[in-house]
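Participant: Quick one: structure below, then a few questions.
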Number of protein chains: 2
Amino acid sequence: MHKPAPTEYSIHELLTLRWSPRAFDRNRPVPREHLLALIEAARWAPSCYGDEPWRYLVWDRFRDEASWNKAFDCLGETNRKWVKNVPVLMLSCPSGAFERNGKPNRWAQHDTGAASVSLALEAVNLGLAVHQMGGFDAEKIRAAFAIPAEFTPMAMIAVGYQAQADILEDAGQKERELAARARKPRETRFFESAWGTPVTLR
Amino acid sequence: MHKPAPTEYSIHELLTLRWSPRAFDRNRPVPREHLLALIEAARWAPSCYGDEPWRYLVWDRFRDEASWNKAFDCLGETNRKWVKNVPVLMLSCPSGAFERNGKPNRWAQHDTGAASVSLALEAVNLGLAVHQMGGFDAEKIRAAFAIPAEFTPMAMIAVGYQAQADILEDAGQKERELAARARKPRETRFFESAWGTPVTLR
């Protein structure tokens, strides 16, 4: 199911076709070549001083179900309702410090967000779907996978092929899957020359 | 000048063609339709609870040179050497709190990074170039533009058309403009099933 963004100004379709579905095909694995391409997309994201402050953990249910289950168990209850069908889970972990000198890196989370959405856009290119989640227990997953203290468990990432919305058992999740996409008004977020002054075309 | 990423696995060219040049055409403004398309791309980035925690300030030298100068003056000396030719500057400012309930939003910087790279990818689509910078005085720009305390001045963003590398006066900057692109080895950043175990194709 495509839900292209109803944009006010035309933008590239890789950007309009990316969205975050919940209906995933339980029986279709992510080809390893595609998984590596997603990683490649994340790698080439920009980062402050080229530090590439992100780390990613990957769990592939078709390859190592026990580890996938351990990651799955760290998700919140609401997410588990639909993530149970997802073949690949990932976790993004920005570093707190620059690799080159150990000093605090205040851009690490920002840069990791850039890497993860790059991955999501390559997923669109490959006919895959990606859905990032904040709803998980960060300290539980840190303990479960011995994530070093200097890294922050930031977002869980579901990767797989989409399925029909009617496989969703939760009525609210099914409704959201079919709902129209929307964004907040531009003038509430984008200002020109002075804080609060909207950007206008003319 | 194109410097496509020398990727190990093939990814969409919107992703390979994005890079961060320093040579910008001083005399070529950014068409307003294009500026609005860049903003549109940022708007449709994913965010935690759909909060769209980002704010952006835009300065267009061809529209309001005094304000552009005020923003430019907040950049570090090294960046000023090349940014003097840039027609449009932007500043990304993630919010510290969710708009819907005022609670701390630990994904705001992450989500803003996603919005900014989406903007940079739409720039590739439009033949524009984008270069994000951490080298600026965050408290100076906060004071200069009365940025509210709950927002973090995160990255300055240069937007414009590329020029030939030989317009760069700084020898080091010119060298970097022409240098090959590279990324750190995949196995240092991407792990599978356990922290530190590299993701492999087979």
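Order determines the names: the first chain of the structure tokens is A, the second B, and so forth; residues in each chain are numbered 1 upward, and ligands are numbered 1 upward as they are shown.
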Any idea what's packed within 6 Å of Ser118 (chain A), counting only C-alpha atoms, ignoring anything in its chain fewer than 3 positions away? Could you give it as a ChimeraX atom specification?
Facilitator: /A:41-42,115,121
Participant: Print the selection's residues with N, CA and C atoms to a file, as a CSV table (one decimal), in the first residue's frame.
Facilitator:
```csv
chain,number,residue,atom,x,y,z
A,41,ALA,N,23.4,2.9,3.0
A,41,ALA,CA,22.7,4.2,2.9
A,41,ALA,C,23.0,4.9,4.2
A,42,ALA,N,22.9,4.3,5.3
A,42,ALA,CA,23.1,4.9,6.6
A,42,ALA,C,24.6,5.4,6.7
A,115,ALA,N,21.3,9.3,9.6
A,115,ALA,CA,21.7,8.0,9.1
A,115,ALA,C,20.4,7.1,9.0
A,121,LEU,N,15.0,5.7,3.6
A,121,LEU,CA,14.7,6.1,2.2
A,121,LEU,C,15.3,5.0,1.2
```
Participant: If you take only C-alpha atoms and a cut-off of 6 Å, which residues of chain A touch chain B, and what are their nearest atom pairs and distances in Å to one decimal, in chain and number order, as CSV?
Facilitator:
```
residue,atom,partner,partner_atom,distance
A:Tyr9,CA,B:Ala37,CA,5.4
A:Arg32,CA,B:Leu201,CA,5.7
A:Ala37,CA,B:Tyr9,CA,5.3
A:Arg55,CA,B:Arg189,CA,4.6
A:Tyr56,CA,B:Phe190,CA,4.8
A:Leu57,CA,B:Phe191,CA,4.8
A:Val58,CA,B:Glu192,CA,4.5
A:Trp59,CA,B:Ser193,CA,5.3
A:Ser67,CA,B:Ser193,CA,5.7
A:Gln109,CA,B:His110,CA,4.7
A:His110,CA,B:His110,CA,4.2
A:Asp111,CA,B:Gly113,CA,5.6
A:Gly113,CA,B:His110,CA,4.2
A:Ala114,CA,B:Ala114,CA,4.2
A:Val117,CA,B:Ala114,CA,5.5
A:Arg189,CA,B:Arg55,CA,4.6
A:Phe190,CA,B:Tyr56,CA,4.8
A:Phe191,CA,B:Leu57,CA,4.8
A:Glu192,CA,B:Val58,CA,4.5
A:Ser193,CA,B:Trp59,CA,5.3
A:Leu201,CA,B:Arg32,CA,5.7
```
Participant: Can you list, as a ChimeraX atom specification, all residues belonging to chain A that DSSP tags as helix (DSSP H, G or I)?
Facilitator: /A:13-17,32-43,48-50,65-72,77-83,108-125,138-144,165-167,171-178,186-188
Participant: Keeping C-alpha atoms for every residue in the selection just given, could you write it to a file as a compact mmCIF listing (two decimals), in the first residue's frame?
Facilitator:
```txt
# COMPACT_ATOMS: atom_id res chain seq x y z
CA GLU A 13 9.18 10.54 -4.72
CA LEU A 14 11.72 8.72 -2.57
CA LEU A 15 10.76 11.30 0.07
CA THR A 16 7.00 11.28 -0.52
CA LEU A 17 6.72 7.46 -0.57
CA ARG A 32 20.79 -10.01 2.90
CA GLU A 33 21.88 -7.91 -0.10
CA HIS A 34 19.07 -5.49 0.72
CA LEU A 35 20.01 -5.39 4.40
CA LEU A 36 23.55 -4.47 3.40
CA ALA A 37 22.23 -1.77 1.05
CA LEU A 38 20.22 -0.25 3.91
CA ILE A 39 23.38 -0.17 5.99
CA GLU A 40 25.27 1.38 3.09
CA ALA A 41 22.70 4.18 2.92
CA ALA A 42 23.14 4.90 6.64
CA ARG A 43 26.92 4.88 6.29
CA CYS A 48 29.89 16.32 12.33
CA TYR A 49 33.65 16.07 11.65
CA GLY A 50 32.84 12.87 9.71
CA GLU A 65 15.40 -16.06 16.27
CA ALA A 66 16.59 -16.21 19.88
CA SER A 67 18.38 -12.86 19.65
CA TRP A 68 15.46 -11.34 17.75
CA ASN A 69 13.14 -12.46 20.57
CA LYS A 70 15.42 -10.90 23.17
CA ALA A 71 15.26 -7.56 21.32
CA PHE A 72 11.50 -7.91 20.75
CA GLU A 77 3.28 -3.64 24.65
CA THR A 78 1.61 -1.52 21.98
CA ASN A 79 4.48 -1.95 19.56
CA ARG A 80 4.70 -5.70 20.19
CA LYS A 81 1.18 -6.10 18.75
CA TRP A 82 2.43 -5.37 15.24
CA VAL A 83 6.20 -5.90 15.49
CA ALA A 108 25.66 12.50 17.72
CA GLN A 109 21.91 11.99 18.11
CA HIS A 110 21.21 14.49 15.33
CA ASP A 111 23.60 12.71 12.98
CA THR A 112 22.18 9.30 13.88
CA GLY A 113 18.72 10.53 12.94
CA ALA A 114 20.14 11.48 9.55
CA ALA A 115 21.66 8.02 9.11
CA SER A 116 18.43 6.24 10.08
CA VAL A 117 16.20 8.20 7.72
CA SER A 118 18.74 7.61 4.93
CA LEU A 119 18.31 3.90 5.65
CA ALA A 120 14.52 4.33 5.52
CA LEU A 121 14.75 6.09 2.16
CA GLU A 122 16.88 3.32 0.68
CA ALA A 123 14.22 0.91 1.97
CA VAL A 124 11.68 2.75 -0.19
CA ASN A 125 14.03 2.31 -3.14
CA ALA A 138 16.32 1.52 26.75
CA GLU A 139 17.92 0.19 29.92
CA LYS A 140 16.51 -3.30 29.40
CA ILE A 141 17.97 -3.52 25.90
CA ARG A 142 21.28 -2.05 27.10
CA ALA A 143 21.50 -4.82 29.69
CA ALA A 144 20.32 -7.55 27.30
CA ALA A 165 -3.72 -3.40 6.71
CA ASP A 166 -6.34 -6.00 7.64
CA ILE A 167 -3.69 -8.24 9.21
CA ALA A 171 -8.40 -1.62 15.71
CA GLY A 172 -6.59 1.64 16.45
CA GLN A 173 -3.46 0.51 14.63
CA LYS A 174 -5.50 -0.60 11.62
CA GLU A 175 -7.28 2.74 11.55
CA ARG A 176 -3.98 4.63 11.64
CA GLU A 177 -2.59 2.42 8.87
CA LEU A 178 -5.39 3.56 6.57
CA ARG A 186 4.61 25.12 7.75
CA GLU A 187 4.35 28.50 9.49
CA THR A 188 4.56 26.83 12.91
```
Participant: Apply DSSP to the structure's backbone, then extract all residues of chain B labelled strand (DSSP E) and return them as a PyMOL selection string.
Facilitator: chain B and resi 54-60+88-94+129-133+155-160+190-192
Participant: Go ahead and save the residues from that selection, with N, CA and C atoms, as a short mmCIF file (atom, residue, chain, number, x, y, z; two decimals), in the first residue's frame.
Facilitator:
```
data_model
loop_
_atom_site.label_atom_id
_atom_site.label_comp_id
_atom_site.auth_asym_id
_atom_site.auth_seq_id
_atom_site.Cartn_x
_atom_site.Cartn_y
_atom_site.Cartn_z
N TRP B 54 11.26 20.01 15.27
CA TRP B 54 12.22 20.94 14.68
C TRP B 54 11.61 22.32 14.46
N ARG B 55 12.48 23.32 14.56
CA ARG B 55 12.19 24.66 14.03
C ARG B 55 13.38 25.02 13.15
N TYR B 56 13.14 25.81 12.12
CA TYR B 56 14.22 26.28 11.24
C TYR B 56 14.11 27.78 11.07
N LEU B 57 15.27 28.42 11.13
CA LEU B 57 15.35 29.83 10.76
C LEU B 57 16.07 29.90 9.42
N VAL B 58 15.57 30.73 8.54
CA VAL B 58 16.12 30.88 7.18
C VAL B 58 16.59 32.31 6.98
N TRP B 59 17.77 32.45 6.37
CA TRP B 59 18.25 33.78 5.99
C TRP B 59 18.65 33.74 4.52
N ASP B 60 18.02 34.61 3.72
CA ASP B 60 18.28 34.66 2.28
C ASP B 60 19.01 35.98 1.99
N VAL B 88 21.92 31.26 0.86
CA VAL B 88 20.91 31.01 1.90
C VAL B 88 21.54 30.26 3.07
N LEU B 89 21.31 30.76 4.26
CA LEU B 89 21.71 30.07 5.49
C LEU B 89 20.45 29.65 6.24
N MET B 90 20.54 28.52 6.91
CA MET B 90 19.44 28.07 7.76
C MET B 90 20.05 27.61 9.08
N LEU B 91 19.19 27.55 10.10
CA LEU B 91 19.61 27.02 11.41
C LEU B 91 18.52 26.06 11.88
N SER B 92 18.93 24.84 12.22
CA SER B 92 17.97 23.88 12.77
C SER B 92 17.97 23.98 14.28
N CYS B 93 16.77 23.93 14.86
CA CYS B 93 16.60 24.11 16.31
C CYS B 93 15.60 23.10 16.85
N PRO B 94 16.08 21.94 17.35
CA PRO B 94 15.14 21.00 17.97
C PRO B 94 14.59 21.54 19.29
N ALA B 129 23.08 22.46 -3.58
CA ALA B 129 23.98 21.80 -2.65
C ALA B 129 23.70 22.32 -1.24
N VAL B 130 23.90 21.43 -0.27
CA VAL B 130 23.68 21.75 1.14
C VAL B 130 24.91 21.32 1.92
N HIS B 131 25.33 22.13 2.87
CA HIS B 131 26.45 21.78 3.75
C HIS B 131 26.08 22.20 5.17
N GLN B 132 25.95 21.21 6.04
CA GLN B 132 25.61 21.50 7.44
C GLN B 132 26.88 21.72 8.26
N MET B 133 26.76 22.61 9.24
CA MET B 133 27.93 22.97 10.06
C MET B 133 27.61 22.97 11.54
N ALA B 155 22.42 23.02 14.12
CA ALA B 155 23.33 23.06 12.96
C ALA B 155 22.99 24.23 12.05
N MET B 156 24.03 24.90 11.57
CA MET B 156 23.85 25.90 10.52
C MET B 156 23.90 25.15 9.20
N ILE B 157 23.10 25.60 8.24
CA ILE B 157 22.95 24.88 6.97
C ILE B 157 23.17 25.86 5.82
N ALA B 158 24.18 25.60 5.01
CA ALA B 158 24.44 26.42 3.83
C ALA B 158 23.69 25.82 2.64
N VAL B 159 23.00 26.68 1.89
CA VAL B 159 22.23 26.22 0.72
C VAL B 159 22.54 27.11 -0.47
N GLY B 160 22.83 26.50 -1.60
CA GLY B 160 23.07 27.30 -2.81
C GLY B 160 23.49 26.40 -3.96
N PHE B 190 28.30 -1.40 12.49
CA PHE B 190 27.07 -2.18 12.30
C PHE B 190 27.28 -3.61 12.79
N PHE B 191 26.48 -3.95 13.81
CA PHE B 191 26.66 -5.23 14.49
C PHE B 191 25.40 -6.08 14.34
N GLU B 192 25.56 -7.40 14.40
CA GLU B 192 24.39 -8.27 14.29
C GLU B 192 24.31 -9.24 15.47
#
```
